[in-house]
Every structure is written in structure tokens, then in C-alpha cells.
>>> print(open('start_4.txt').read())   # compact mmCIF, C-alpha atoms
# COMPACT_ATOMS: atom_id res chain seq x y z
CA MET B 1 70.75 72.76 -103.16
CA PRO B 2 73.69 70.40 -103.97
CA THR B 3 76.02 73.05 -102.57
CA THR B 4 74.16 73.04 -99.26
CA ALA B 5 74.26 69.22 -99.05
CA SER B 6 77.95 69.24 -99.84
CA SER B 7 78.57 71.84 -97.15
CA ASP B 8 76.60 69.80 -94.62
CA GLN B 9 78.63 66.70 -95.39
CA ALA B 10 81.90 68.61 -95.12
CA SER B 11 80.80 70.00 -91.76
CA SER B 12 79.84 66.50 -90.57
CA SER B 13 83.17 65.11 -91.70
CA HIS B 14 85.06 67.84 -89.85
CA GLN B 15 83.14 67.18 -86.65
CA LEU B 16 83.88 63.46 -86.79
CA PHE B 17 87.51 63.86 -87.92
CA PRO B 18 88.59 67.37 -86.88
CA ARG B 19 92.30 66.84 -87.49
CA SER B 20 93.96 67.69 -90.80
CA PRO B 21 95.18 65.08 -93.33
CA ALA B 22 98.75 66.06 -92.43
CA TRP B 23 98.07 65.14 -88.80
CA ILE B 24 96.60 61.78 -89.87
CA TRP B 25 99.79 61.02 -91.79
CA ALA B 26 101.90 62.07 -88.81
CA LEU B 27 99.84 59.81 -86.55
CA SER B 28 100.21 56.96 -89.05
CA PHE B 29 103.98 57.45 -88.95
CA ALA B 30 103.97 57.44 -85.13
CA LEU B 31 101.99 54.21 -85.01
CA PHE B 32 104.18 52.66 -87.71
CA MET B 33 107.27 53.49 -85.68
CA ALA B 34 105.74 52.16 -82.46
CA THR B 35 105.21 48.79 -84.14
CA PHE B 36 108.69 49.05 -85.66
CA LEU B 37 110.17 49.40 -82.17
CA ASN B 38 107.91 46.67 -80.79
CA TYR B 39 109.28 44.17 -83.28
CA ALA B 40 112.86 45.42 -83.26
CA HIS B 41 113.10 44.23 -79.65
CA ARG B 42 112.09 40.74 -80.79
CA VAL B 43 114.26 40.58 -83.89
CA VAL B 44 117.47 41.10 -81.93
CA LEU B 45 116.77 37.71 -80.33
CA THR B 46 115.63 35.74 -83.39
CA GLN B 47 118.50 37.02 -85.55
CA ASN B 48 121.05 36.20 -82.83
CA SER B 49 119.53 32.89 -81.71
CA VAL B 50 122.63 30.84 -82.57
CA ALA B 51 125.00 33.24 -80.76
CA LEU B 52 122.71 33.44 -77.72
CA LYS B 53 122.40 29.66 -77.48
CA ALA B 54 126.19 29.45 -77.50
CA HIS B 55 126.62 32.27 -74.95
CA PHE B 56 124.20 30.75 -72.44
CA ALA B 57 125.18 27.14 -73.25
CA THR B 58 121.60 26.19 -74.15
CA ASP B 59 119.93 24.48 -77.12
CA ASP B 60 116.75 24.62 -79.22
CA SER B 61 114.72 23.61 -76.19
CA GLY B 62 116.12 26.55 -74.21
CA TYR B 63 115.51 28.92 -77.12
CA GLY B 64 111.94 27.71 -77.25
CA ARG B 65 111.62 28.29 -73.49
CA ALA B 66 112.74 31.92 -73.88
CA GLU B 67 110.06 32.42 -76.54
CA GLN B 68 107.54 30.57 -74.37
CA TRP B 69 108.00 32.97 -71.44
CA PHE B 70 107.95 35.97 -73.77
CA GLY B 71 104.59 34.60 -74.92
CA TYR B 72 103.32 34.19 -71.36
CA GLY B 73 104.32 37.79 -70.65
CA PHE B 74 102.59 38.96 -73.81
CA ALA B 75 99.45 37.08 -72.84
CA ALA B 76 99.36 38.63 -69.37
CA GLY B 77 100.14 42.07 -70.78
CA GLY B 78 97.36 41.82 -73.34
CA LEU B 79 94.83 41.23 -70.60
CA LEU B 80 96.26 43.79 -68.16
CA PHE B 81 96.85 46.64 -70.58
CA GLY B 82 93.72 45.85 -72.59
CA VAL B 83 91.72 46.74 -69.49
CA LEU B 84 93.89 49.74 -68.63
CA ALA B 85 93.67 51.15 -72.18
CA ASP B 86 89.89 51.39 -71.71
CA LEU B 87 90.17 53.00 -68.27
CA VAL B 88 93.10 55.44 -68.45
CA SER B 89 94.36 57.84 -71.11
CA ILE B 90 96.45 56.11 -73.74
CA ARG B 91 98.16 59.43 -74.39
CA TRP B 92 100.17 58.66 -71.25
CA LEU B 93 99.91 54.88 -71.05
CA PHE B 94 101.45 54.34 -74.49
CA PRO B 95 104.77 56.19 -73.93
CA ILE B 96 105.14 54.63 -70.47
CA LEU B 97 104.92 51.20 -72.07
CA VAL B 98 107.50 52.06 -74.74
CA LEU B 99 109.90 53.18 -72.02
CA ALA B 100 109.24 50.03 -69.99
CA TRP B 101 109.92 47.60 -72.83
CA SER B 102 113.10 49.50 -73.72
CA VAL B 103 114.34 49.00 -70.15
CA ALA B 104 113.49 45.29 -70.39
CA THR B 105 115.61 44.85 -73.53
CA PHE B 106 118.51 46.75 -71.97
CA GLY B 107 118.30 44.54 -68.88
CA SER B 108 118.12 41.28 -70.83
CA ALA B 109 121.44 42.09 -72.52
CA ARG B 110 123.02 42.13 -69.06
CA ALA B 111 121.48 38.96 -67.70
CA GLU B 112 124.05 36.90 -65.78
CA SER B 113 122.30 33.59 -66.43
CA PHE B 114 119.87 32.12 -68.90
CA ASP B 115 117.12 32.01 -66.28
CA ARG B 116 117.49 35.76 -65.75
CA PHE B 117 117.48 36.30 -69.49
CA VAL B 118 114.20 34.37 -69.70
CA ALA B 119 112.77 36.50 -66.86
CA TRP B 120 113.63 39.69 -68.78
CA ARG B 121 111.95 38.25 -71.88
CA PHE B 122 108.80 37.74 -69.81
CA VAL B 123 108.90 41.41 -68.76
CA LEU B 124 109.50 42.46 -72.37
CA GLY B 125 106.45 40.48 -73.54
CA LEU B 126 104.35 41.91 -70.70
CA CYS B 127 105.12 45.51 -71.66
CA GLU B 128 105.09 45.04 -75.43
CA ALA B 129 101.58 43.61 -75.31
CA GLY B 130 100.22 47.03 -74.35
CA HIS B 131 101.20 48.37 -77.76
CA TRP B 132 98.20 46.80 -79.49
CA PRO B 133 95.33 48.01 -77.26
CA CYS B 134 96.77 51.53 -77.44
CA SER B 135 97.39 51.49 -81.19
CA LEU B 136 94.08 49.92 -82.14
CA ARG B 137 92.14 52.44 -80.07
CA MET B 138 93.89 55.18 -82.07
CA THR B 139 93.22 53.74 -85.55
CA GLN B 140 89.63 52.93 -84.52
CA ARG B 141 89.04 56.60 -83.64
CA SER B 142 91.15 58.27 -86.32
CA PHE B 143 90.02 56.53 -89.53
CA PRO B 144 86.52 56.13 -91.04
CA PRO B 145 85.40 52.52 -91.66
CA ASP B 146 86.35 52.38 -95.34
CA ARG B 147 89.92 53.52 -94.56
CA ARG B 148 90.34 51.82 -91.20
CA THR B 149 92.02 48.78 -92.76
CA LEU B 150 94.49 51.15 -94.42
CA GLY B 151 95.29 52.73 -91.04
CA ASN B 152 95.76 49.28 -89.56
CA GLY B 153 97.89 48.29 -92.54
CA ILE B 154 100.27 51.19 -91.92
CA LEU B 155 100.32 50.31 -88.23
CA GLN B 156 101.08 46.63 -88.94
CA ALA B 157 103.67 47.46 -91.59
CA GLY B 158 105.91 48.65 -88.76
CA ALA B 159 106.37 45.00 -87.83
CA ALA B 160 107.91 44.39 -91.23
CA GLY B 161 109.89 47.62 -91.02
CA GLY B 162 111.52 46.50 -87.79
CA GLN B 163 112.36 43.13 -89.22
CA ILE B 164 113.77 44.64 -92.41
CA ALA B 165 116.00 47.25 -90.81
CA VAL B 166 117.24 45.35 -87.77
CA PRO B 167 118.78 42.35 -89.61
CA LEU B 168 120.65 44.78 -91.88
CA LEU B 169 121.93 46.70 -88.87
CA LEU B 170 123.00 43.44 -87.27
CA LEU B 171 125.35 42.76 -90.16
CA SER B 172 127.60 45.46 -88.74
CA VAL B 173 127.14 45.00 -84.99
CA SER B 174 126.65 41.31 -84.25
CA VAL B 175 128.74 39.21 -86.56
CA THR B 176 131.21 38.07 -83.90
CA GLY B 177 131.72 37.88 -80.15
CA GLN B 178 129.43 39.93 -77.94
CA GLY B 179 127.94 41.89 -80.82
CA TRP B 180 124.46 40.73 -79.81
CA VAL B 181 124.75 42.88 -76.65
CA ARG B 182 125.31 45.99 -78.79
CA ALA B 183 122.28 45.00 -80.88
CA PHE B 184 120.10 44.80 -77.75
CA ASP B 185 121.37 48.19 -76.54
CA LEU B 186 120.65 49.82 -79.91
CA ALA B 187 117.07 48.57 -79.82
CA ALA B 188 116.67 49.86 -76.27
CA ILE B 189 117.61 53.48 -76.98
CA LEU B 190 115.43 53.89 -80.10
CA GLY B 191 112.27 54.37 -78.04
CA LEU B 192 113.29 57.67 -76.46
CA PRO B 193 112.75 59.98 -79.48
CA TRP B 194 109.46 58.24 -80.21
CA ILE B 195 108.13 59.09 -76.75
CA ALA B 196 108.83 62.79 -77.27
CA PHE B 197 107.21 62.76 -80.73
CA TRP B 198 104.05 61.06 -79.43
CA LEU B 199 103.54 63.51 -76.56
CA VAL B 200 103.88 66.49 -78.90
CA LEU B 201 101.61 65.02 -81.58
CA VAL B 202 98.65 63.58 -79.66
CA ARG B 203 96.12 65.54 -77.62
CA GLU B 204 93.73 64.16 -75.04
CA SER B 205 90.78 64.85 -77.38
CA ASP B 206 92.37 62.61 -80.02
CA VAL B 207 92.19 59.52 -77.83
CA ARG B 208 88.55 60.15 -76.85
CA ARG B 209 87.01 60.67 -80.30
CA PRO B 210 83.82 58.64 -81.02
CA VAL B 211 83.97 55.49 -83.16
CA LEU B 212 81.98 55.08 -86.39
CA GLN B 213 79.89 52.01 -87.19
CA THR B 214 80.80 50.01 -90.30
CA GLU B 215 77.78 47.78 -90.85
CA ASN B 216 74.96 50.22 -91.48
CA PRO B 217 73.14 51.51 -94.58
CA GLY B 218 75.74 54.24 -95.07
CA ASP B 219 78.86 52.11 -94.82
CA LEU B 220 79.93 53.00 -98.37
CA GLY B 221 80.67 56.55 -97.29
CA THR B 222 82.16 58.41 -94.39
CA THR B 223 79.84 61.40 -94.13
CA GLY B 224 76.13 62.13 -94.32
CA GLU B 225 72.99 61.27 -92.41
CA ASN B 226 73.56 57.50 -92.28
CA VAL B 227 76.87 57.74 -90.45
CA ARG B 228 76.56 56.96 -86.76
CA GLU B 229 78.62 55.98 -83.77
CA ILE B 230 79.13 52.31 -83.01
CA ARG B 231 76.42 50.82 -80.80
CA GLU B 232 77.70 49.62 -77.45
CA LEU B 233 77.00 46.52 -75.39
CA PRO B 234 77.88 46.15 -71.70
CA TRP B 235 81.50 45.01 -71.78
CA TYR B 236 80.84 41.74 -69.95
CA ARG B 237 78.37 40.67 -72.67
CA ILE B 238 81.06 40.94 -75.33
CA PHE B 239 82.63 37.63 -74.33
CA LEU B 240 79.32 35.84 -74.84
CA LEU B 241 79.04 36.99 -78.44
CA PRO B 242 79.54 34.32 -81.16
CA ARG B 243 81.48 36.95 -83.12
CA TRP B 244 84.07 37.28 -80.33
CA TRP B 245 84.64 33.50 -80.47
CA LEU B 246 84.87 33.64 -84.24
CA LEU B 247 87.54 36.31 -83.95
CA LEU B 248 89.45 34.11 -81.49
CA LEU B 249 89.54 31.35 -84.09
CA VAL B 250 90.66 33.80 -86.78
CA VAL B 251 93.42 35.43 -84.73
CA VAL B 252 94.89 32.04 -83.80
CA CYS B 253 94.79 30.78 -87.38
CA ILE B 254 96.59 33.82 -88.82
CA ASN B 255 99.13 34.30 -86.02
CA VAL B 256 100.35 30.73 -85.60
CA PRO B 257 102.01 30.68 -89.06
CA TRP B 258 103.25 34.27 -88.72
CA HIS B 259 104.98 33.63 -85.39
CA ALA B 260 106.19 30.14 -86.24
CA LEU B 261 108.02 31.59 -89.24
CA ARG B 262 109.12 34.71 -87.36
CA VAL B 263 110.79 32.71 -84.61
CA TRP B 264 112.02 29.59 -86.43
CA MET B 265 112.70 30.60 -90.03
CA PRO B 266 116.15 32.24 -89.48
CA ASP B 267 117.26 29.32 -87.30
CA THR B 268 115.86 26.76 -89.78
CA LEU B 269 117.53 28.35 -92.79
CA GLN B 270 120.86 28.07 -90.98
CA THR B 271 120.62 24.69 -89.25
CA HIS B 272 118.31 22.73 -91.57
CA PHE B 273 118.94 24.16 -95.03
CA GLY B 274 122.60 25.06 -94.48
CA TYR B 275 122.58 28.78 -95.32
CA ALA B 276 125.26 31.00 -93.76
CA LYS B 277 124.18 33.61 -91.19
CA PRO B 278 125.09 36.66 -93.36
CA PHE B 279 122.86 35.28 -96.14
CA VAL B 280 120.06 34.57 -93.66
CA ASP B 281 120.27 38.15 -92.37
CA GLN B 282 119.99 39.47 -95.92
CA PHE B 283 117.18 37.11 -96.93
CA THR B 284 115.30 37.92 -93.73
CA ALA B 285 115.35 41.57 -94.76
CA TRP B 286 113.81 40.61 -98.14
CA TYR B 287 111.28 38.37 -96.38
CA TYR B 288 110.07 41.23 -94.22
CA ALA B 289 110.16 43.63 -97.16
CA SER B 290 107.54 41.34 -98.68
CA THR B 291 105.48 41.41 -95.48
CA PHE B 292 105.76 45.21 -95.50
CA VAL B 293 104.27 45.39 -98.99
CA GLY B 294 101.58 42.87 -98.07
CA SER B 295 100.43 44.84 -95.05
CA LEU B 296 100.21 48.12 -96.96
CA PHE B 297 98.67 46.49 -100.03
CA THR B 298 95.67 45.01 -98.21
CA GLY B 299 94.83 48.31 -96.53
CA TRP B 300 95.19 50.22 -99.79
CA ALA B 301 93.22 47.62 -101.78
CA VAL B 302 90.30 47.66 -99.33
CA ALA B 303 90.13 51.46 -99.55
CA VAL B 304 90.21 51.35 -103.38
CA LEU B 305 87.49 48.70 -103.58
CA CYS B 306 85.28 50.71 -101.22
CA ARG B 307 85.71 53.83 -103.38
CA ARG B 308 84.52 51.74 -106.33
CA GLY B 309 81.31 50.73 -104.58
CA VAL B 310 82.24 47.44 -102.88
CA ARG B 311 80.87 47.13 -99.36
CA VAL B 312 83.48 47.36 -96.63
CA HIS B 313 83.19 43.81 -95.29
CA ARG B 314 83.12 42.23 -98.73
CA ALA B 315 86.30 44.08 -99.70
CA ARG B 316 88.00 42.88 -96.53
CA LEU B 317 86.92 39.29 -97.17
CA TRP B 318 88.23 39.30 -100.75
CA LEU B 319 91.64 40.46 -99.60
CA PHE B 320 91.67 37.99 -96.73
CA GLY B 321 91.08 35.18 -99.24
CA LEU B 322 93.94 36.33 -101.45
CA CYS B 323 96.38 36.52 -98.55
CA ALA B 324 95.31 33.19 -97.03
CA THR B 325 95.91 31.48 -100.39
CA MET B 326 99.39 32.97 -100.63
CA VAL B 327 100.33 31.61 -97.20
CA GLY B 328 98.85 28.20 -98.06
CA LEU B 329 101.22 27.83 -101.03
CA LEU B 330 104.03 27.18 -98.56
CA SER B 331 102.45 23.88 -97.51
CA PRO B 332 103.19 21.89 -100.70
CA ALA B 333 106.24 23.95 -101.67
CA ILE B 334 108.30 23.13 -98.60
CA TYR B 335 108.06 19.41 -99.49
CA LEU B 336 108.43 19.72 -103.25
CA LEU B 337 111.23 22.30 -103.36
CA GLY B 338 114.66 21.94 -101.81
CA PRO B 339 117.06 24.76 -100.90
CA GLY B 340 117.24 27.25 -103.72
CA PRO B 341 115.44 30.12 -105.45
CA GLY B 342 112.12 28.26 -105.73
CA LEU B 343 111.66 27.70 -102.00
CA LEU B 344 112.94 31.16 -101.15
CA GLY B 345 110.48 32.66 -103.65
CA VAL B 346 107.53 30.83 -102.10
CA LEU B 347 108.64 32.04 -98.67
CA LEU B 348 108.48 35.61 -100.00
CA VAL B 349 104.96 35.02 -101.36
CA ALA B 350 103.85 33.53 -98.02
CA ALA B 351 105.41 36.51 -96.27
CA PHE B 352 103.31 38.92 -98.36
CA GLY B 353 100.14 37.08 -97.41
CA SER B 354 100.95 36.44 -93.76
CA LEU B 355 101.18 40.08 -92.73
CA GLY B 356 98.49 41.15 -95.17
CA LEU B 357 95.99 39.20 -93.04
CA SER B 358 96.60 41.18 -89.86
CA PRO B 359 95.20 44.61 -90.86
CA ILE B 360 91.97 42.90 -91.92
CA TYR B 361 91.72 41.04 -88.62
CA TYR B 362 92.31 44.26 -86.66
CA SER B 363 89.52 45.99 -88.59
CA LEU B 364 87.15 43.13 -87.77
CA ASN B 365 88.29 43.27 -84.15
CA GLN B 366 87.30 46.95 -84.05
CA GLU B 367 83.69 46.22 -85.07
CA ILE B 368 82.51 44.96 -81.67
CA SER B 369 82.96 47.92 -79.34
CA GLY B 370 84.34 51.43 -79.07
CA ARG B 371 84.46 51.89 -75.31
CA ALA B 372 85.71 48.36 -74.62
CA GLN B 373 88.09 48.04 -77.58
CA GLY B 374 91.02 47.43 -75.23
CA ARG B 375 89.19 44.59 -73.49
CA VAL B 376 88.11 43.05 -76.80
CA GLY B 377 91.61 43.08 -78.26
CA GLY B 378 93.33 42.38 -74.95
CA SER B 379 91.26 39.31 -74.16
CA LEU B 380 91.83 37.89 -77.64
CA SER B 381 95.54 38.66 -77.35
CA PHE B 382 95.69 36.95 -73.93
CA LEU B 383 94.30 33.67 -75.24
CA LEU B 384 96.29 33.88 -78.46
CA TRP B 385 99.60 34.32 -76.66
CA CYS B 386 98.87 31.54 -74.19
CA ILE B 387 98.55 29.30 -77.26
CA LEU B 388 101.64 30.78 -78.95
CA ALA B 389 103.73 30.34 -75.80
CA LEU B 390 102.86 26.65 -75.62
CA MET B 391 103.42 26.35 -79.37
CA GLN B 392 106.94 27.79 -79.24
CA SER B 393 108.05 25.54 -76.40
CA SER B 394 106.50 22.52 -78.13
CA ILE B 395 108.28 23.36 -81.38
CA GLY B 396 111.53 23.67 -79.46
CA GLU B 397 111.09 20.20 -77.95
CA LEU B 398 110.07 18.67 -81.28
CA VAL B 399 113.00 20.21 -83.13
CA LYS B 400 115.40 19.06 -80.43
CA GLN B 401 114.16 15.47 -80.64
CA GLN B 402 113.42 15.36 -84.39
CA PRO B 403 115.41 18.02 -86.29
CA ALA B 404 113.96 16.87 -89.63
CA ILE B 405 110.41 17.79 -88.55
CA ARG B 406 110.83 21.51 -89.30
CA PRO B 407 109.32 21.36 -92.84
CA THR B 408 106.31 19.45 -91.52
CA ILE B 409 105.68 22.15 -88.92
CA PHE B 410 105.81 24.92 -91.53
CA ALA B 411 103.59 22.98 -93.96
CA THR B 412 100.95 22.41 -91.29
CA VAL B 413 100.68 25.95 -89.96
CA ALA B 414 100.56 27.40 -93.50
CA LEU B 415 97.08 25.89 -94.02
CA LEU B 416 95.49 27.57 -91.00
CA PRO B 417 94.63 30.94 -92.68
CA LEU B 418 92.54 29.06 -95.25
CA PHE B 419 90.54 27.54 -92.41
CA ALA B 420 90.02 31.03 -90.98
CA LEU B 421 88.80 32.22 -94.39
CA LEU B 422 86.13 29.52 -94.48
CA ALA B 423 84.98 30.45 -90.99
CA LEU B 424 84.76 34.16 -91.80
CA ALA B 425 82.96 33.63 -95.10
CA GLY B 426 80.36 31.40 -93.49
CA LEU B 427 79.85 32.91 -90.06
CA TRP B 428 80.69 36.64 -89.92
CA THR B 429 77.30 37.97 -91.04
CA TRP B 430 75.46 35.36 -88.97
CA THR B 431 77.32 36.45 -85.82
CA ASN B 432 76.50 40.18 -86.17
CA PRO B 433 76.06 41.48 -82.59
CA HIS B 434 73.93 44.41 -83.89
CA PRO B 435 71.48 42.90 -86.43
CA PRO B 436 69.24 45.19 -88.50
CA GLY B 437 66.30 46.49 -86.49
CA GLU B 438 68.04 46.21 -83.12
CA SER B 439 67.57 49.15 -80.79
CA THR B 440 70.28 51.76 -81.14
CA GLU B 441 70.18 52.66 -77.47
CA GLU B 442 73.71 52.83 -76.13
CA HIS B 443 74.76 51.02 -72.97
CA LYS B 444 77.06 52.49 -70.39
CA ASP B 445 79.87 50.51 -68.78
>>> encode(input="start_4.txt", output="C-alpha cells")
Amino acid sequence: MPTTASSDQASSSHQLFPRSPAWIWALSFALFMATFLNYAHRVVLTQNSVALKAHFATDDSGYGRAEQWFGYGFAAGGLLFGVLADLVSIRWLFPILVLAWSVATFGSARAESFDRFVAWRFVLGLCEAGHWPCSLRMTQRSFPPDRRTLGNGILQAGAAGGQIAVPLLLLSVSVTGQGWVRAFDLAAILGLPWIAFWLVLVRESDVRRPVLQTENPGDLGTTGENVREIRELPWYRIFLLPRWWLLLLVVVCINVPWHALRVWMPDTLQTHFGYAKPFVDQFTAWYYASTFVGSLFTGWAVAVLCRRGVRVHRARLWLFGLCATMVGLLSPAIYLLGPGPGLLGVLLVAAFGSLGLSPIYYSLNQEISGRAQGRVGGSLSFLLWCILALMQSSIGELVKQQPAIRPTIFATVALLPLFALLALAGLWTWTNPHPPGESTEEHKD
């Protein structure tokens, strides 16, 4: 009898996840590299901000404007490609987007004026935004609930990978003169082999696999009679859900510190704390090495806790709390510690926590809908990047007028993940769009 039950569960597992473990690892690598490329195209700007400001005869306000229009592009792209990812095959949409953002980076290196450079950054943001609807649809369909955070962690770790490798590469290509142009060109050509790999690896059936529900009586396992597909709402009702609004609060609170540090930390270490650019490039690599470990750790830790009997959401919440606390440590430290090992060490701790939050958020994002995942993530991304765009330009103006305000900015944004933790702990269960006893009838778009 146990043998029959075991065979039934194995058969169920194969039907839900028909690809081999080797294919899952290959897909994880592909998604990791897609995020790597996505961030590499941003790092070539942040790591060369001083040289670019000199080349285009602009200042911190102009640098903030370039980031502002990248943000506006990202916001528009999140909305546009979030919808398209639900309507067309991401097997083809994804590589088209990678090619498009590579062209945008190549073009920005040849901009004849700063206004044209800013326009290319808008196009880059527009195309790069499509990465997330495509990637999250893949991890949502390729990983069971208890390992979905791990899949998202590998995906998000590519952001750290890009920001580890690129600064080290820049040590050899962009120290003097027009080296930043070579750095932009290098980032642009890296997408071509990825496109070929993706098209060989992914079949149409892989992007149309059903999505499993997390919050049900069987959410401690991935096979068996309690496993079921996620229940769907009409897509237009999603934006009326309290849980969607809760996720908007969470995504803003975890991304504001991440992007404030991503954009302004290298520049601040040089201009405010007096570190030389070669040191900043090296420290930035260590900073993103810490984010790399943080992203992978949270996904791994959630999977381990679930194997030991902890419910999926509780495991996610515990790790979210740990990471939010690590980011919050930066708030007092930046006032109490001057330049030196202490402050740099706290920055590394905050880095670990800041990227560790993202895989958990993505897993929560994937709980609302399967069919409309692109619209869920895309709409949240649209509003987030509208806020980030305004934030970057505002920081640029503040820093221009009050250079000494940089520590205050970092200290303030570092507290936001703790606020998100309180909101999640108090409201996530209450905002469940599919409460126990609700009809399981599926709705069509």
C-alpha cells in the first residue's frame, strides 16, 4: 500500500513538473544570467558616474535626471510588458527584450549630447522592465511553492552577479579617457549568447505550465491530493484586492533603500567619504558579493525551514524580518561611524539584507494570480518606478544643494524594510484573496 501511494505521488509530481532536475538548474542559470545582464547595463553608468558627468559637462542634478528618465522608462515598460507577458509567449518576448536593451546600451555610448544620452536611458529602462514579468512567470511555473523563493533567489542573485563582475571588469577598461564607452559596448554584446541559450533551452510547454497554490492544507508538500492549481480572479478585480495594495507598500519599502544605495553609494564613497575610484570599484564588488549571498541564503533558508515542517508563509516572514533588521542597522551606523572598516562592514551587512528581501517579495507577488502574473507584477513595477524616478531626481537636487545630506538620506531609507515587515506580519493573512471555504471555481480572463 505505501508503495502505491508513493508511486501515485511520484506520478503527480512528474505531471506537474515534467522537466528533469538538470533542466531546472539550467533554467535557473538562464534566469540568473538574464538578471546579470539586466543589471550590468545599469552598473556601467553608476560605476562611471564621475567620468560621465565630466564628459557631458553635467553635475549631480544631471546624473539624477538620467536615473529619473531610466526610472520613467522602467515604469512604462513594467506596465506595457507586464500586459504583453500575459498575452504572448514569453519564449519569444524575453529574447526580443534582451536584444532591445542591448541595442539601447550600445546607442547610449554614442550619444552626441547629454539629452540624447538621457533618451537612450529611457529606452533602456523601458526594455529592461520586461525582464521581470517574463522571469517571474517562469519561476512561478517551474518551482513548487516551498522552493519558489529559492528559484526567485537564484533569479535575483543575478543582480548581485552583474554588480560584482562589472566593477572588476571596469578596472581594466574604464580607468582613463573614453574607457566608459568600451564598458558600455562590452555590456551590449553579452546578451547575444544568452538569447541563443534561451531559445534552445525553453519550450512553449514550459511557459504554459499551471501554477500551484501555496496557501492550502497541503502547502507543506509539493505532491499528493491536496496540491491544486492557483485559483483565479478576473484580472481587473486584482487591483481592488487589499493584498495588491499591501504588496505595493512592501515593494516600495524594500526597493527604495536598494536603489538609493545602488545609484548613490559609489558616488558618495568617492565625493563624500573621500575614497579613490579604484577602491570604490573593489569595495562595490564586495558589497554586491554580500547581496549575492543574501539573495541565495533567503531562498535556501525558506526551503530548509519548509522541509522541517514550517509553513511556507511563516518561513518567508521569518527571513524577511532577519533581512529587514540587517538593512535597518545602517540607519544608526552611518551617523555613529566615520569612514573606515566599521562603516564599510555595516554596508556589507545591509547589502546582505537588502537583496535578501527581494526573493521573498517576488514569492508573495506570485500568490495572487497565475494567468495575470504579468499584470500583477507589471502594475506594481509601474508604480514603484514612478516613485523611484522621482526619488532619484529629488536626491540629485538635494545632494547638489546640500552635499552633506547624503548620510541622512541613507539613514532614512534604511528603516523602510522594517515598516514593510510590520505591515506584512499584521495584514498578509487578513488580506487573503482566497479565504478558506471560498469557491474554487476558476474565472476566465
>>> atom_distance(input="start_4.txt", atom1="atom CA of Gly426 of chain B", atom2="atom CA of Trp245 of chain B")
13.9 Å
>>> atom_distance(input="start_4.txt", atom1="atom CA of Phe352 of chain B", atom2="atom CA of Leu269 of chain B")
18.6 Å
>>> atom_distance(input="start_4.txt", atom1="atom CA of Trp101 of chain B", atom2="atom CA of His41 of chain B")
8.2 Å
>>> residues_around(input="start_4.txt", residues="Leu45 of chain B", least_positions_apart="5", cutoff="10 Å", atoms="all atoms listed in the file", output="PyMOL selection string")
chain B and resi 40+50-52+63+66-67+105+121+180+183-184+263
>>> residues_around(input="start_4.txt", residues="segment 321-334 of chain B", least_positions_apart="4", cutoff="7 Å", atoms="all atoms listed in the file", output="ChimeraX atom specification")
/B:317,343,346-347,349-350,353-354,356-357,407,410-412,414-415,417-418,421
>>> write_last_selection(input="start_4.txt", atoms="C-alpha atoms", output="mmCIF file, in the coordinates of the input")
data_model
loop_
_atom_site.group_PDB
_atom_site.id
_atom_site.type_symbol
_atom_site.label_atom_id
_atom_site.label_comp_id
_atom_site.auth_asym_id
_atom_site.auth_seq_id
_atom_site.Cartn_x
_atom_site.Cartn_y
_atom_site.Cartn_z
ATOM 1 C CA LEU B 317 86.920 39.290 -97.170
ATOM 2 C CA LEU B 343 111.660 27.700 -102.000
ATOM 3 C CA VAL B 346 107.530 30.830 -102.100
ATOM 4 C CA LEU B 347 108.640 32.040 -98.670
ATOM 5 C CA VAL B 349 104.960 35.020 -101.360
ATOM 6 C CA ALA B 350 103.850 33.530 -98.020
ATOM 7 C CA GLY B 353 100.140 37.080 -97.410
ATOM 8 C CA SER B 354 100.950 36.440 -93.760
ATOM 9 C CA GLY B 356 98.490 41.150 -95.170
ATOM 10 C CA LEU B 357 95.990 39.200 -93.040
ATOM 11 C CA PRO B 407 109.320 21.360 -92.840
ATOM 12 C CA PHE B 410 105.810 24.920 -91.530
ATOM 13 C CA ALA B 411 103.590 22.980 -93.960
ATOM 14 C CA THR B 412 100.950 22.410 -91.290
ATOM 15 C CA ALA B 414 100.560 27.400 -93.500
ATOM 16 C CA LEU B 415 97.080 25.890 -94.020
ATOM 17 C CA PRO B 417 94.630 30.940 -92.680
ATOM 18 C CA LEU B 418 92.540 29.060 -95.250
ATOM 19 C CA LEU B 421 88.800 32.220 -94.390
#
>>> closest_residue(input="start_4.txt", among="B:Ile360, B:Leu427, B:Val44, B:Ala85", to="His313 of chain B", atoms="all atoms listed in the file")
B:Ile360
>>> residues_around(input="start_4.txt", residues="segment 26-35 of chain B", least_positions_apart="2", cutoff="10 Å", atoms="all atoms listed in the file", output="VMD selection string")
chain B and resid 20 to 24 37 to 40 94 to 95 98 128 131 to 132 134 to 136 138 to 139 142 150 to 162 190 to 191 194 to 195 197 to 198 201 to 202
>>> residues_around(input="start_4.txt", residues="Ile387 of chain B", least_positions_apart="2", cutoff="12 Å", atoms="only C-alpha atoms", output="JSON, numbers by chain")
{"B": [67, 68, 69, 71, 72, 74, 75, 248, 249, 251, 252, 253, 255, 256, 259, 260, 380, 381, 382, 383, 384, 385, 389, 390, 391, 392, 393, 394]}
>>> closest_residue(input="start_4.txt", among="B:Thr149, B:Thr429, B:Gln140, B:Ser379", to="Val83 of chain B", atoms="all atoms listed in the file")
B:Ser379
>>> residues_around(input="start_4.txt", residues="Asn365 of chain B", least_positions_apart="3", cutoff="9 Å", atoms="all atoms listed in the file", output="JSON, numbers by chain")
{"B": [244, 247, 360, 361, 362, 368, 369, 373, 376, 377]}
>>> closest_residue(input="start_4.txt", among="B:Ser102, B:Gln163, B:Thr298, B:Ser113", to="Leu186 of chain B", atoms="all atoms listed in the file")
B:Ser102
>>> closest_residue(input="start_4.txt", among="B:Ala303, B:Ala165, B:Leu126, B:Leu80", to="Phe36 of chain B", atoms="all atoms listed in the file")
B:Ala165
>>> closest_residue(input="start_4.txt", among="B:Ala109, B:Val118, B:Ile189, B:Leu84", to="Thr58 of chain B", atoms="all atoms listed in the file")
B:Val118
>>> closest_residue(input="start_4.txt", among="B:Gly370, B:Gln401, B:Gly62, B:Ala285", to="Leu348 of chain B", atoms="all atoms listed in the file")
B:Ala285
